[in-house]
>>> print(open('final-v5.cif').read())   # mmCIF, C-alpha atoms
data_entry
loop_
_atom_site.label_atom_id
_atom_site.label_comp_id
_atom_site.auth_asym_id
_atom_site.auth_seq_id
_atom_site.Cartn_x
_atom_site.Cartn_y
_atom_site.Cartn_z
CA MET A 1246 -52.33 -23.88 -37.65
CA PRO A 1247 -53.02 -26.33 -34.76
CA PHE A 1248 -50.53 -26.15 -31.92
CA THR A 1249 -49.22 -29.69 -32.46
CA LYS A 1250 -48.34 -28.90 -36.09
CA ARG A 1251 -46.62 -25.67 -35.05
CA LEU A 1252 -44.52 -27.68 -32.59
CA ILE A 1253 -43.47 -30.19 -35.26
CA VAL A 1254 -42.53 -27.42 -37.70
CA ALA A 1255 -40.37 -25.74 -35.06
CA LEU A 1256 -38.51 -28.99 -34.38
CA VAL A 1257 -37.91 -29.65 -38.09
CA LEU A 1258 -36.59 -26.11 -38.67
CA ALA A 1259 -34.22 -26.31 -35.68
CA THR A 1260 -32.81 -29.67 -36.78
CA ALA A 1261 -32.32 -28.57 -40.38
CA THR A 1262 -30.59 -25.34 -39.33
CA ALA A 1263 -28.16 -27.23 -37.09
CA ALA A 1264 -27.45 -29.75 -39.82
CA PHE A 1265 -26.57 -27.05 -42.34
CA ALA A 1266 -24.36 -25.27 -39.80
CA ALA A 1267 -22.32 -28.37 -38.90
CA PRO A 1268 -20.14 -28.64 -42.07
CA THR A 1269 -18.47 -25.28 -41.38
CA GLY A 1270 -16.02 -27.09 -39.09
CA THR A 1271 -14.59 -29.04 -42.03
CA ALA A 1272 -13.57 -26.05 -44.18
CA GLN A 1273 -9.95 -26.15 -42.97
CA GLN A 1274 -9.71 -29.87 -43.68
CA ALA A 1275 -10.85 -29.31 -47.26
CA ALA A 1276 -8.33 -26.51 -47.72
CA SER A 1277 -5.47 -28.59 -46.32
CA ALA A 1278 -6.20 -31.40 -48.79
CA GLN A 1279 -4.97 -29.14 -51.60
CA CYS A 1280 -1.35 -29.74 -50.50
CA ALA A 1281 -0.22 -33.31 -51.13
CA ASN A 1282 1.86 -33.65 -47.94
CA ARG A 1283 -0.07 -31.35 -45.65
CA GLU A 1284 -0.97 -34.19 -43.26
CA THR A 1285 1.49 -37.02 -43.92
CA PRO A 1286 4.74 -37.75 -45.75
CA PRO A 1287 4.57 -39.59 -49.09
CA PRO A 1288 3.85 -43.35 -48.92
CA PRO A 1289 6.84 -45.43 -47.75
CA VAL A 1290 8.86 -47.44 -50.24
CA ASP A 1291 9.61 -50.32 -47.85
CA THR A 1292 8.13 -52.07 -44.80
CA SER A 1293 9.88 -49.99 -42.13
CA GLU A 1294 6.68 -48.15 -41.20
CA GLN A 1295 4.42 -51.15 -40.85
CA PRO A 1296 3.07 -51.38 -37.28
CA THR A 1297 4.02 -54.42 -35.23
CA PRO A 1298 1.34 -57.13 -35.08
CA GLY A 1299 -1.56 -56.06 -32.89
CA GLN A 1300 -0.64 -52.37 -33.08
CA LYS A 1301 -2.23 -49.59 -35.11
CA ALA A 1302 -0.33 -46.86 -36.91
CA PRO A 1303 -0.64 -43.49 -35.14
CA ALA A 1304 -3.13 -41.05 -36.62
CA PRO A 1305 -1.58 -38.15 -38.56
CA LEU A 1306 -0.67 -35.12 -36.51
CA GLU A 1307 -3.35 -32.45 -36.54
CA VAL A 1308 -2.80 -29.64 -39.03
CA PRO A 1309 -2.88 -26.27 -37.21
CA GLU A 1310 -5.78 -24.04 -38.20
CA LYS A 1311 -3.31 -21.29 -39.15
CA PRO A 1312 0.18 -22.07 -40.51
CA ILE A 1313 2.80 -21.66 -37.81
CA GLY A 1314 5.05 -18.73 -38.69
CA GLY A 1315 2.66 -16.88 -41.00
CA ASP A 1316 -0.06 -17.42 -43.58
CA ARG A 1317 2.28 -17.58 -46.56
CA LEU A 1318 4.09 -20.54 -45.05
CA GLY A 1319 0.95 -22.59 -45.62
CA GLU A 1320 1.57 -22.45 -49.38
CA CYS A 1321 2.87 -25.60 -51.06
CA GLY A 1322 5.07 -24.18 -53.80
CA LEU A 1323 7.87 -21.63 -54.02
CA ILE A 1324 7.50 -18.77 -51.53
CA LEU A 1325 9.57 -15.62 -52.10
CA PRO A 1326 9.41 -11.98 -51.04
CA PRO A 1327 8.21 -9.53 -53.71
CA ASN A 1328 10.62 -8.74 -56.55
CA GLN A 1329 13.10 -11.41 -55.44
CA ALA A 1330 15.27 -13.30 -57.91
CA GLN A 1331 14.52 -16.97 -58.46
CA PRO A 1332 16.45 -19.49 -56.34
CA PRO A 1333 19.40 -21.38 -57.86
CA SER A 1334 18.73 -24.29 -60.21
CA GLY A 1335 19.46 -27.89 -59.31
CA ILE A 1336 17.65 -27.99 -55.94
CA THR A 1337 16.13 -31.47 -55.77
CA ALA A 1338 14.53 -31.27 -52.31
CA ALA A 1339 10.76 -31.71 -52.10
CA SER A 1340 10.74 -29.17 -49.24
CA TRP A 1341 13.31 -26.55 -48.27
CA LEU A 1342 13.63 -23.39 -46.22
CA LEU A 1343 16.04 -20.50 -45.62
CA ALA A 1344 15.81 -18.43 -42.45
CA ASP A 1345 17.74 -15.90 -40.40
CA MET A 1346 18.96 -17.62 -37.24
CA ASP A 1347 18.84 -14.49 -35.11
CA SER A 1348 15.74 -12.58 -36.21
CA GLY A 1349 13.84 -15.74 -37.12
CA ALA A 1350 12.76 -14.25 -40.47
CA VAL A 1351 11.99 -16.91 -43.08
CA ILE A 1352 13.45 -15.42 -46.25
CA ALA A 1353 12.52 -18.09 -48.80
CA ALA A 1354 10.94 -21.54 -48.80
CA TYR A 1355 9.37 -24.30 -50.83
CA ASP A 1356 6.47 -26.20 -49.20
CA PRO A 1357 7.87 -25.41 -45.74
CA HIS A 1358 5.11 -27.15 -43.78
CA GLY A 1359 4.91 -30.13 -46.14
CA ARG A 1360 5.33 -33.21 -43.98
CA GLN A 1361 8.35 -35.36 -44.73
CA ARG A 1362 10.55 -37.81 -42.87
CA PRO A 1363 13.56 -36.46 -40.95
CA ALA A 1364 16.03 -39.39 -41.10
CA SER A 1365 19.07 -38.53 -38.95
CA VAL A 1366 18.39 -34.81 -38.70
CA ILE A 1367 16.03 -35.80 -35.85
CA LYS A 1368 19.24 -36.41 -33.88
CA VAL A 1369 19.40 -32.62 -33.50
CA LEU A 1370 16.22 -32.84 -31.40
CA LEU A 1371 17.65 -35.71 -29.33
CA ALA A 1372 20.90 -33.79 -28.81
CA MET A 1373 18.94 -30.73 -27.70
CA VAL A 1374 17.11 -32.70 -25.01
CA VAL A 1375 20.40 -34.28 -23.89
CA ALA A 1376 22.14 -30.89 -23.73
CA LYS A 1377 19.26 -29.58 -21.64
CA GLU A 1378 19.07 -32.47 -19.16
CA LEU A 1379 22.49 -34.15 -18.88
CA ARG A 1380 25.89 -32.81 -17.84
CA GLY A 1381 28.61 -33.07 -20.46
CA ASP A 1382 31.08 -34.69 -18.05
CA LEU A 1383 28.64 -37.38 -16.87
CA VAL A 1384 30.14 -40.84 -17.49
CA VAL A 1385 27.79 -43.57 -18.78
CA THR A 1386 28.27 -47.24 -19.65
CA ALA A 1387 27.23 -48.69 -22.99
CA SER A 1388 25.10 -51.85 -23.06
CA ALA A 1389 24.93 -54.81 -25.42
CA GLU A 1390 21.61 -53.47 -26.73
CA ASP A 1391 23.31 -50.20 -27.67
CA THR A 1392 25.87 -52.04 -29.77
CA GLU A 1393 23.20 -54.02 -31.66
CA GLN A 1394 21.43 -51.04 -33.24
CA GLU A 1395 20.99 -50.80 -36.99
CA CYS A 1396 23.97 -48.80 -38.20
CA THR A 1397 25.46 -46.23 -39.03
CA CYS A 1398 27.37 -46.70 -35.77
CA VAL A 1399 30.34 -45.18 -34.01
CA GLY A 1400 31.38 -48.56 -32.63
CA LEU A 1401 30.48 -48.58 -28.94
CA LYS A 1402 31.76 -51.41 -26.77
CA ASP A 1403 29.49 -53.34 -24.43
CA GLY A 1404 30.59 -52.14 -20.99
CA GLY A 1405 32.59 -49.27 -22.44
CA GLN A 1406 32.46 -45.96 -20.60
CA TYR A 1407 31.93 -42.61 -22.29
CA THR A 1408 31.11 -39.05 -21.27
CA ILE A 1409 27.92 -37.42 -22.49
CA ARG A 1410 30.11 -34.90 -24.33
CA GLN A 1411 31.87 -37.69 -26.24
CA LEU A 1412 28.54 -39.31 -27.07
CA LEU A 1413 27.14 -36.03 -28.38
CA GLN A 1414 30.15 -35.73 -30.65
CA GLY A 1415 29.61 -39.27 -31.91
CA LEU A 1416 25.92 -38.54 -32.45
CA LEU A 1417 26.40 -35.31 -34.40
CA LEU A 1418 29.67 -35.87 -36.30
CA THR A 1419 29.19 -39.45 -37.51
CA SER A 1420 25.47 -39.98 -36.84
CA GLY A 1421 25.93 -42.98 -34.54
CA ASN A 1422 22.69 -44.91 -34.04
CA ASP A 1423 24.36 -46.88 -31.26
CA VAL A 1424 25.12 -43.59 -29.53
CA ALA A 1425 21.51 -42.41 -30.03
CA HIS A 1426 20.29 -45.52 -28.19
CA THR A 1427 22.77 -44.98 -25.34
CA LEU A 1428 21.69 -41.38 -24.90
CA ALA A 1429 18.01 -42.39 -25.02
CA ARG A 1430 18.65 -44.85 -22.17
CA GLN A 1431 20.18 -42.04 -20.13
CA LEU A 1432 16.98 -40.06 -20.61
CA GLY A 1433 14.97 -42.85 -19.00
CA GLY A 1434 14.72 -45.36 -21.84
CA VAL A 1435 13.64 -45.06 -25.47
CA PRO A 1436 9.89 -44.46 -24.83
CA ASN A 1437 10.65 -41.78 -22.27
CA ALA A 1438 13.29 -40.18 -24.51
CA LEU A 1439 10.77 -40.00 -27.35
CA ARG A 1440 8.20 -38.39 -25.06
CA LYS A 1441 10.77 -35.77 -24.09
CA MET A 1442 11.78 -35.17 -27.70
CA ASN A 1443 8.19 -34.73 -28.83
CA ALA A 1444 7.40 -32.51 -25.84
CA MET A 1445 10.39 -30.33 -26.76
CA ALA A 1446 9.23 -30.12 -30.39
CA LYS A 1447 5.75 -29.07 -29.26
CA GLU A 1448 7.17 -26.48 -26.88
CA LEU A 1449 9.19 -24.96 -29.73
CA GLY A 1450 6.14 -24.82 -31.99
CA ALA A 1451 7.34 -27.64 -34.24
CA LEU A 1452 3.85 -29.08 -34.64
CA ASP A 1453 4.60 -31.07 -37.81
CA THR A 1454 7.14 -33.20 -35.95
CA ARG A 1455 6.73 -36.61 -34.39
CA ALA A 1456 9.88 -38.52 -33.43
CA VAL A 1457 9.29 -42.28 -33.41
CA THR A 1458 12.91 -43.41 -33.01
CA PRO A 1459 15.76 -41.51 -31.30
CA SER A 1460 18.06 -42.14 -34.28
CA GLY A 1461 15.73 -41.09 -37.11
CA LEU A 1462 15.20 -44.58 -38.48
CA ASP A 1463 11.74 -44.70 -40.03
CA GLY A 1464 8.75 -46.03 -38.11
CA PRO A 1465 4.96 -45.69 -38.05
CA GLY A 1466 3.88 -42.07 -37.72
CA THR A 1467 7.26 -40.42 -38.33
CA SER A 1468 6.90 -36.81 -39.45
CA THR A 1469 8.60 -33.42 -39.64
CA SER A 1470 8.81 -30.42 -42.00
CA ALA A 1471 11.48 -28.06 -43.29
CA TYR A 1472 10.03 -25.34 -41.08
CA ASP A 1473 10.19 -27.54 -37.99
CA VAL A 1474 13.77 -28.69 -38.62
CA ALA A 1475 14.91 -25.05 -38.88
CA LEU A 1476 13.03 -24.26 -35.67
CA ILE A 1477 14.62 -27.21 -33.85
CA PHE A 1478 18.14 -26.43 -35.10
CA ARG A 1479 17.78 -22.80 -34.08
CA GLY A 1480 16.68 -23.88 -30.61
CA ALA A 1481 19.47 -26.44 -30.25
CA MET A 1482 22.15 -23.87 -31.12
CA LYS A 1483 21.25 -22.02 -27.92
CA TYR A 1484 22.79 -24.88 -25.91
CA ASP A 1485 26.57 -24.58 -25.65
CA GLU A 1486 27.22 -28.36 -25.55
CA PHE A 1487 25.36 -28.75 -28.83
CA ALA A 1488 26.89 -25.72 -30.54
CA GLN A 1489 30.41 -26.77 -29.55
CA ALA A 1490 29.96 -30.37 -30.73
CA ILE A 1491 28.32 -29.71 -34.08
CA LYS A 1492 31.00 -27.28 -35.28
CA LEU A 1493 33.90 -29.71 -34.79
CA GLN A 1494 35.63 -31.00 -37.89
CA GLN A 1495 37.16 -33.90 -35.97
CA ALA A 1496 37.06 -35.33 -32.45
CA GLN A 1497 38.84 -38.11 -30.60
CA PHE A 1498 36.68 -40.97 -29.35
CA PRO A 1499 37.43 -44.07 -27.22
CA GLY A 1500 38.18 -47.06 -29.47
CA ARG A 1501 36.59 -50.46 -28.99
CA ASN A 1502 39.97 -52.12 -28.60
CA GLY A 1503 41.60 -49.44 -26.49
CA GLY A 1504 43.20 -46.17 -27.41
CA THR A 1505 41.28 -43.60 -29.40
CA ILE A 1506 39.84 -43.27 -32.87
CA MET A 1507 39.25 -40.09 -34.84
CA LEU A 1508 35.70 -39.07 -35.68
CA THR A 1509 35.35 -36.93 -38.80
CA ASN A 1510 32.34 -34.67 -39.34
CA ASP A 1511 30.22 -36.02 -42.23
CA ASN A 1512 28.89 -32.49 -42.93
CA ARG A 1513 30.98 -31.53 -45.95
CA LEU A 1514 30.25 -27.84 -45.54
CA MET A 1515 32.43 -27.67 -42.44
CA THR A 1516 35.49 -27.82 -44.66
CA SER A 1517 34.16 -26.41 -47.92
CA TYR A 1518 31.84 -23.51 -47.07
CA GLU A 1519 33.02 -20.15 -45.77
CA GLY A 1520 31.46 -19.39 -42.39
CA ALA A 1521 29.90 -22.83 -41.79
CA ILE A 1522 28.98 -23.23 -38.12
CA GLY A 1523 27.44 -26.71 -38.11
CA GLY A 1524 25.01 -29.05 -39.74
CA LYS A 1525 23.54 -32.54 -39.85
CA THR A 1526 22.90 -34.95 -42.70
CA GLY A 1527 20.46 -37.84 -42.90
CA PHE A 1528 19.27 -40.64 -45.16
CA THR A 1529 16.81 -43.52 -45.18
CA ASP A 1530 15.13 -45.23 -48.11
CA ASP A 1531 11.82 -43.58 -47.21
CA ALA A 1532 13.17 -40.15 -46.22
CA GLN A 1533 15.77 -39.94 -48.99
CA HIS A 1534 18.47 -37.32 -48.31
CA THR A 1535 17.89 -34.70 -45.61
CA TYR A 1536 20.06 -31.85 -44.38
CA VAL A 1537 20.11 -28.95 -41.95
CA GLY A 1538 23.02 -26.55 -41.57
CA ALA A 1539 23.99 -22.99 -40.77
CA ALA A 1540 26.61 -20.44 -41.71
CA GLU A 1541 27.63 -16.93 -40.68
CA ARG A 1542 28.82 -14.04 -42.85
CA ASN A 1543 29.17 -10.38 -41.95
CA GLY A 1544 27.40 -10.91 -38.65
CA ARG A 1545 24.42 -12.59 -40.29
CA ARG A 1546 23.59 -16.24 -39.51
CA LEU A 1547 21.39 -18.27 -41.84
CA VAL A 1548 19.97 -21.77 -41.45
CA VAL A 1549 19.04 -23.93 -44.44
CA VAL A 1550 16.95 -27.12 -44.47
CA LEU A 1551 16.40 -29.58 -47.33
CA LEU A 1552 14.11 -32.62 -47.02
CA ARG A 1553 13.56 -35.51 -49.42
CA GLY A 1554 16.42 -34.53 -51.70
CA GLN A 1555 18.54 -36.47 -54.17
CA GLN A 1556 22.32 -36.59 -54.53
CA GLN A 1557 22.25 -36.27 -58.32
CA PRO A 1558 23.11 -34.19 -60.19
CA THR A 1559 24.32 -32.20 -57.16
CA HIS A 1560 25.27 -33.50 -53.72
CA ILE A 1561 22.75 -32.46 -51.05
CA THR A 1562 25.34 -30.40 -49.12
CA ASN A 1563 26.29 -28.55 -52.30
CA GLN A 1564 22.60 -27.78 -52.84
CA ALA A 1565 22.58 -26.37 -49.31
CA ALA A 1566 25.62 -24.23 -50.14
CA LYS A 1567 23.88 -22.82 -53.22
CA LEU A 1568 20.82 -21.91 -51.17
CA LEU A 1569 22.98 -20.28 -48.48
CA ASP A 1570 24.75 -18.16 -51.12
CA TYR A 1571 21.34 -17.19 -52.44
CA GLY A 1572 20.15 -16.26 -48.95
CA PHE A 1573 23.19 -14.16 -48.10
CA ALA A 1574 22.69 -12.23 -51.37
CA MET A 1575 19.06 -11.43 -50.56
CA GLY A 1576 18.06 -8.07 -49.16
CA PRO A 1577 15.79 -7.44 -46.18
CA GLY A 1578 12.33 -8.87 -46.18
CA GLY A 1579 10.75 -12.20 -45.57
CA VAL A 1580 7.77 -14.46 -46.04
CA GLY A 1581 7.26 -15.60 -42.46
CA LYS A 1582 8.97 -16.16 -39.14
CA LEU A 1583 10.47 -18.91 -37.01
CA VAL A 1584 8.35 -18.62 -33.89
CA ASP A 1585 9.81 -18.36 -30.40
CA GLY A 1586 7.50 -21.01 -29.00
CA ALA A 1587 4.22 -22.76 -29.64
CA PRO A 1588 1.31 -20.33 -30.16
CA GLN A 1589 -0.89 -19.95 -27.10
CA PRO A 1590 -4.65 -19.32 -27.06
CA LYS A 1591 -5.56 -15.71 -26.27
CA PRO A 1592 -7.32 -15.49 -22.89
CA ASN A 1593 -10.65 -13.68 -22.62
CA VAL A 1594 -10.11 -11.12 -19.86
CA THR A 1595 -13.52 -9.38 -20.07
CA SER A 1596 -14.35 -10.62 -16.59
CA THR A 1597 -13.19 -13.24 -14.12
CA GLN A 1598 -16.37 -15.18 -14.67
CA THR A 1599 -15.94 -15.14 -18.46
CA SER A 1600 -12.30 -16.18 -18.14
CA ASN A 1601 -13.16 -19.11 -15.90
CA SER A 1602 -15.94 -20.14 -18.26
CA ASN A 1603 -13.60 -20.04 -21.27
CA THR A 1604 -11.03 -22.13 -19.42
CA THR A 1605 -13.62 -24.81 -18.75
CA ASP A 1606 -14.89 -24.73 -22.32
CA THR A 1607 -11.37 -24.98 -23.74
CA ALA A 1608 -10.54 -27.99 -21.57
CA ALA A 1609 -13.71 -29.75 -22.63
CA GLY A 1610 -13.76 -28.78 -26.30
CA SER A 1611 -10.14 -28.70 -27.54
CA ASP A 1612 -7.59 -31.33 -28.56
CA SER A 1613 -4.80 -31.72 -26.01
CA GLY A 1614 -2.16 -30.73 -28.56
CA SER A 1615 -3.85 -27.69 -30.08
CA SER A 1616 -5.73 -24.52 -29.20
CA ARG A 1617 -8.16 -25.22 -32.02
CA PRO A 1618 -11.62 -26.37 -30.81
CA THR A 1619 -12.36 -30.00 -31.49
CA PRO A 1620 -15.01 -30.32 -34.24
CA THR A 1621 -18.35 -31.49 -32.82
CA ALA A 1622 -21.35 -33.14 -34.37
CA PHE A 1623 -23.02 -29.71 -34.55
CA GLY A 1624 -20.09 -27.67 -35.92
CA THR A 1625 -19.10 -24.27 -34.54
CA VAL A 1626 -22.37 -22.55 -35.46
CA GLY A 1627 -24.90 -25.38 -35.20
CA LEU A 1628 -24.49 -25.86 -31.45
CA PRO A 1629 -25.67 -22.39 -30.37
CA ILE A 1630 -28.51 -22.52 -32.91
CA THR A 1631 -29.56 -25.89 -31.55
CA ALA A 1632 -29.45 -24.48 -28.00
CA ILE A 1633 -31.73 -21.61 -29.02
CA ALA A 1634 -34.08 -24.08 -30.68
CA GLY A 1635 -34.11 -26.09 -27.46
CA VAL A 1636 -35.15 -23.04 -25.46
CA GLY A 1637 -37.90 -22.40 -27.99
CA LEU A 1638 -39.05 -25.99 -27.66
CA LEU A 1639 -39.26 -25.72 -23.87
CA ALA A 1640 -41.33 -22.56 -24.21
CA ALA A 1641 -43.62 -24.30 -26.68
CA VAL A 1642 -44.08 -27.26 -24.33
CA PHE A 1643 -44.89 -24.85 -21.49
CA LEU A 1644 -47.54 -23.11 -23.58
CA TYR A 1645 -48.97 -26.48 -24.63
CA ILE A 1646 -49.30 -27.63 -21.01
CA ARG A 1647 -50.87 -24.33 -19.99
CA ASN A 1648 -53.33 -24.59 -22.88
CA LYS A 1649 -54.28 -28.14 -21.87
CA ARG A 1650 -54.85 -27.06 -18.27
CA ALA A 1651 -57.03 -24.14 -19.38
CA LYS A 1652 -59.17 -26.49 -21.48
CA ALA A 1653 -59.53 -28.85 -18.54
CA ALA A 1654 -60.56 -25.98 -16.27
CA ARG A 1655 -63.21 -24.83 -18.77
CA ALA A 1656 -64.54 -28.37 -19.02
CA ARG A 1657 -64.90 -28.58 -15.25
CA ARG A 1658 -66.71 -25.23 -15.09
CA GLN A 1659 -69.12 -26.27 -17.83
CA ALA A 1660 -69.79 -29.57 -16.07
CA ALA A 1661 -70.43 -27.70 -12.81
CA GLN A 1662 -72.87 -25.32 -14.49
CA GLY A 1663 -74.79 -28.22 -16.05
CA VAL A 1664 -75.44 -29.92 -12.70
#
>>> encode(input="final-v5.cif", output="structure tokens")
Amino acid sequence: MPFTKRLIVALVLATATAAFAAPTGTAQQAASAQCANRETPPPPVDTSEQPTPGQKAPAPLEVPEKPIGGDRLGECGLILPPNQAQPPSGITAASWLLADMDSGAVIAAYDPHGRQRPASVIKVLLAMVVAKELRGDLVVTASAEDTEQECTCVGLKDGGQYTIRQLLQGLLLTSGNDVAHTLARQLGGVPNALRKMNAMAKELGALDTRAVTPSGLDGPGTSTSAYDVALIFRGAMKYDEFAQAIKLQQAQFPGRNGGTIMLTNDNRLMTSYEGAIGGKTGFTDDAQHTYVGAAERNGRRLVVVLLRGQQQPTHITNQAAKLLDYGFAMGPGGVGKLVDGAPQPKPNVTSTQTSNSNTTDTAAGSDSGSSRPTPTAFGTVGLPITAIAGVGLLAAVFLYIRNKRAKAARARRQAAQGV
């Protein structure tokens, strides 16, 4: 076969091989499509998530290559340990989860990583950031903008002064959206507060979560999961200011017209469930009813999360109580784990040179929010094959040039001999 034809064949084979290798990077995307809410919550029922004019809706959060907390937690349906009794009837939530607060063991779940909207349970994440960054006795002044938030509201007064501790109680007991805005301002303003909330979620490993409002009101790109809400609640309970506020049945709060008013905890389990240690309810038209709560019995603490639930035929907090009873009756075992932080890529420690090389490659070839390599036009296999083909092509070009020079030299010798 002439050299030129051999060169063309080599190029065609290299290109075809790379093209066939490229689709391997999309296998996870195809698998994730099998779960209806793997990437996004269900479509909204109103206009609350329409972007403002001139803005685009955020892209869906990336789905981790491996389910956070264990492979079984990537399943969409009911997830139980072997030989476990079925959960109680009447649970209306589209996603739910039961987990041990202390060990982190997930003991039962239904579509735990299915993406839903949080509604006011996202206030747990806001409260966690506040408890981490602001002193409880710090006095702040409410603004007119705080008082104009879409309610539910505690009833802040423009110019009124409140401690962070009082505001946390108003946030967690009666779900004050006016309070959420005040606390967000103390964290540097709403955009900065949201950055801190989302950074905290990512640090915890809550990679299904994107807070778009500090109060939990719906907006473009809002997202969480039952797994993430349990993870966030577990983390928040490690802060004393949060744990003390969320367990209160009532708390005094400065009134708008002087004196004090009494805040009553809207978590019904605080007065009706043995061992309840705190919880948070939520509702929007798009999110429907959401709930996270915890209880302790015989030294064992469980957390329960329900997302996208209905109040009929059973109130959402009563559904939570039924699941807690079910969890406390379960024996040892589990289907996954609440992680103790976002998974980190494993370093290659073969040699210093290799480690440095991997660091460079990771920075250039990974998404900023994930350790998973960013898919490229060549896929994960096609790129090295294409590189090998390129080396072969250079060798072929070198041989071609050498062949041409040899022919030219022979021609000159023949011409010299004929003179």
>>> residues_around(input="final-v5.cif", residues="Glu1294 in chain A", least_positions_apart="3", cutoff="12 Å", atoms="all atoms listed in the file", output="PyMOL selection string")
chain A and resi 1286-1291+1297+1300-1303+1362+1457-1458+1462-1468+1529-1532
>>> closest_residue(input="final-v5.cif", among="A:Leu1325, A:Val1384, A:Leu1432, A:Leu1439", to="Gly1405 in chain A", atoms="all atoms listed in the file")
A:Val1384
>>> residues_near_point(input="final-v5.cif", point="(9.0, -14.4, -35.6)", cutoff="12 Å", atoms="all atoms listed in the file", output="list of chain:residue names")
A:Ile1313, A:Gly1314, A:Gly1315, A:Ala1344, A:Asp1345, A:Met1346, A:Asp1347, A:Ser1348, A:Gly1349, A:Ala1350, A:Val1351, A:Ile1352, A:Gly1450, A:Leu1476, A:Gly1579, A:Val1580, A:Gly1581, A:Lys1582, A:Leu1583, A:Val1584, A:Asp1585, A:Gly1586, A:Ala1587, A:Pro1588
>>> resolve_selection(input="final-v5.cif", expression="the PyMOL selection byres ((chain A and resi 1546-1557) around 7)", output="JSON, numbers by chain")
{"A": [1337, 1338, 1339, 1340, 1341, 1342, 1343, 1344, 1345, 1346, 1347, 1361, 1471, 1474, 1475, 1532, 1533, 1534, 1535, 1536, 1537, 1538, 1539, 1540, 1541, 1542, 1544, 1545, 1558, 1559, 1560, 1561, 1565, 1569]}
>>> write_last_selection(input="final-v5.cif", atoms="C-alpha atoms", output="PDB file, in the frame of the given file")
ATOM      1  CA  THR A1337      16.130 -31.470 -55.770  1.00  0.00           C
ATOM      2  CA  ALA A1338      14.530 -31.270 -52.310  1.00  0.00           C
ATOM      3  CA  ALA A1339      10.760 -31.710 -52.100  1.00  0.00           C
ATOM      4  CA  SER A1340      10.740 -29.170 -49.240  1.00  0.00           C
ATOM      5  CA  TRP A1341      13.310 -26.550 -48.270  1.00  0.00           C
ATOM      6  CA  LEU A1342      13.630 -23.390 -46.220  1.00  0.00           C
ATOM      7  CA  LEU A1343      16.040 -20.500 -45.620  1.00  0.00           C
ATOM      8  CA  ALA A1344      15.810 -18.430 -42.450  1.00  0.00           C
ATOM      9  CA  ASP A1345      17.740 -15.900 -40.400  1.00  0.00           C
ATOM     10  CA  MET A1346      18.960 -17.620 -37.240  1.00  0.00           C
ATOM     11  CA  ASP A1347      18.840 -14.490 -35.110  1.00  0.00           C
ATOM     12  CA  GLN A1361       8.350 -35.360 -44.730  1.00  0.00           C
ATOM     13  CA  ALA A1471      11.480 -28.060 -43.290  1.00  0.00           C
ATOM     14  CA  VAL A1474      13.770 -28.690 -38.620  1.00  0.00           C
ATOM     15  CA  ALA A1475      14.910 -25.050 -38.880  1.00  0.00           C
ATOM     16  CA  ALA A1532      13.170 -40.150 -46.220  1.00  0.00           C
ATOM     17  CA  GLN A1533      15.770 -39.940 -48.990  1.00  0.00           C
ATOM     18  CA  HIS A1534      18.470 -37.320 -48.310  1.00  0.00           C
ATOM     19  CA  THR A1535      17.890 -34.700 -45.610  1.00  0.00           C
ATOM     20  CA  TYR A1536      20.060 -31.850 -44.380  1.00  0.00           C
ATOM     21  CA  VAL A1537      20.110 -28.950 -41.950  1.00  0.00           C
ATOM     22  CA  GLY A1538      23.020 -26.550 -41.570  1.00  0.00           C
ATOM     23  CA  ALA A1539      23.990 -22.990 -40.770  1.00  0.00           C
ATOM     24  CA  ALA A1540      26.610 -20.440 -41.710  1.00  0.00           C
ATOM     25  CA  GLU A1541      27.630 -16.930 -40.680  1.00  0.00           C
ATOM     26  CA  ARG A1542      28.820 -14.040 -42.850  1.00  0.00           C
ATOM     27  CA  GLY A1544      27.400 -10.910 -38.650  1.00  0.00           C
ATOM     28  CA  ARG A1545      24.420 -12.590 -40.290  1.00  0.00           C
ATOM     29  CA  PRO A1558      23.110 -34.190 -60.190  1.00  0.00           C
ATOM     30  CA  THR A1559      24.320 -32.200 -57.160  1.00  0.00           C
ATOM     31  CA  HIS A1560      25.270 -33.500 -53.720  1.00  0.00           C
ATOM     32  CA  ILE A1561      22.750 -32.460 -51.050  1.00  0.00           C
ATOM     33  CA  ALA A1565      22.580 -26.370 -49.310  1.00  0.00           C
ATOM     34  CA  LEU A1569      22.980 -20.280 -48.480  1.00  0.00           C
TER      35      LEU A1569
END
>>> residues_around(input="final-v5.cif", residues="His1358 in chain A", least_positions_apart="3", cutoff="10 Å", atoms="all atoms listed in the file", output="ChimeraX atom specification")
/A:1280,1282-1284,1308,1312-1314,1318-1321,1340-1342,1354-1355,1361,1451-1453,1469-1473
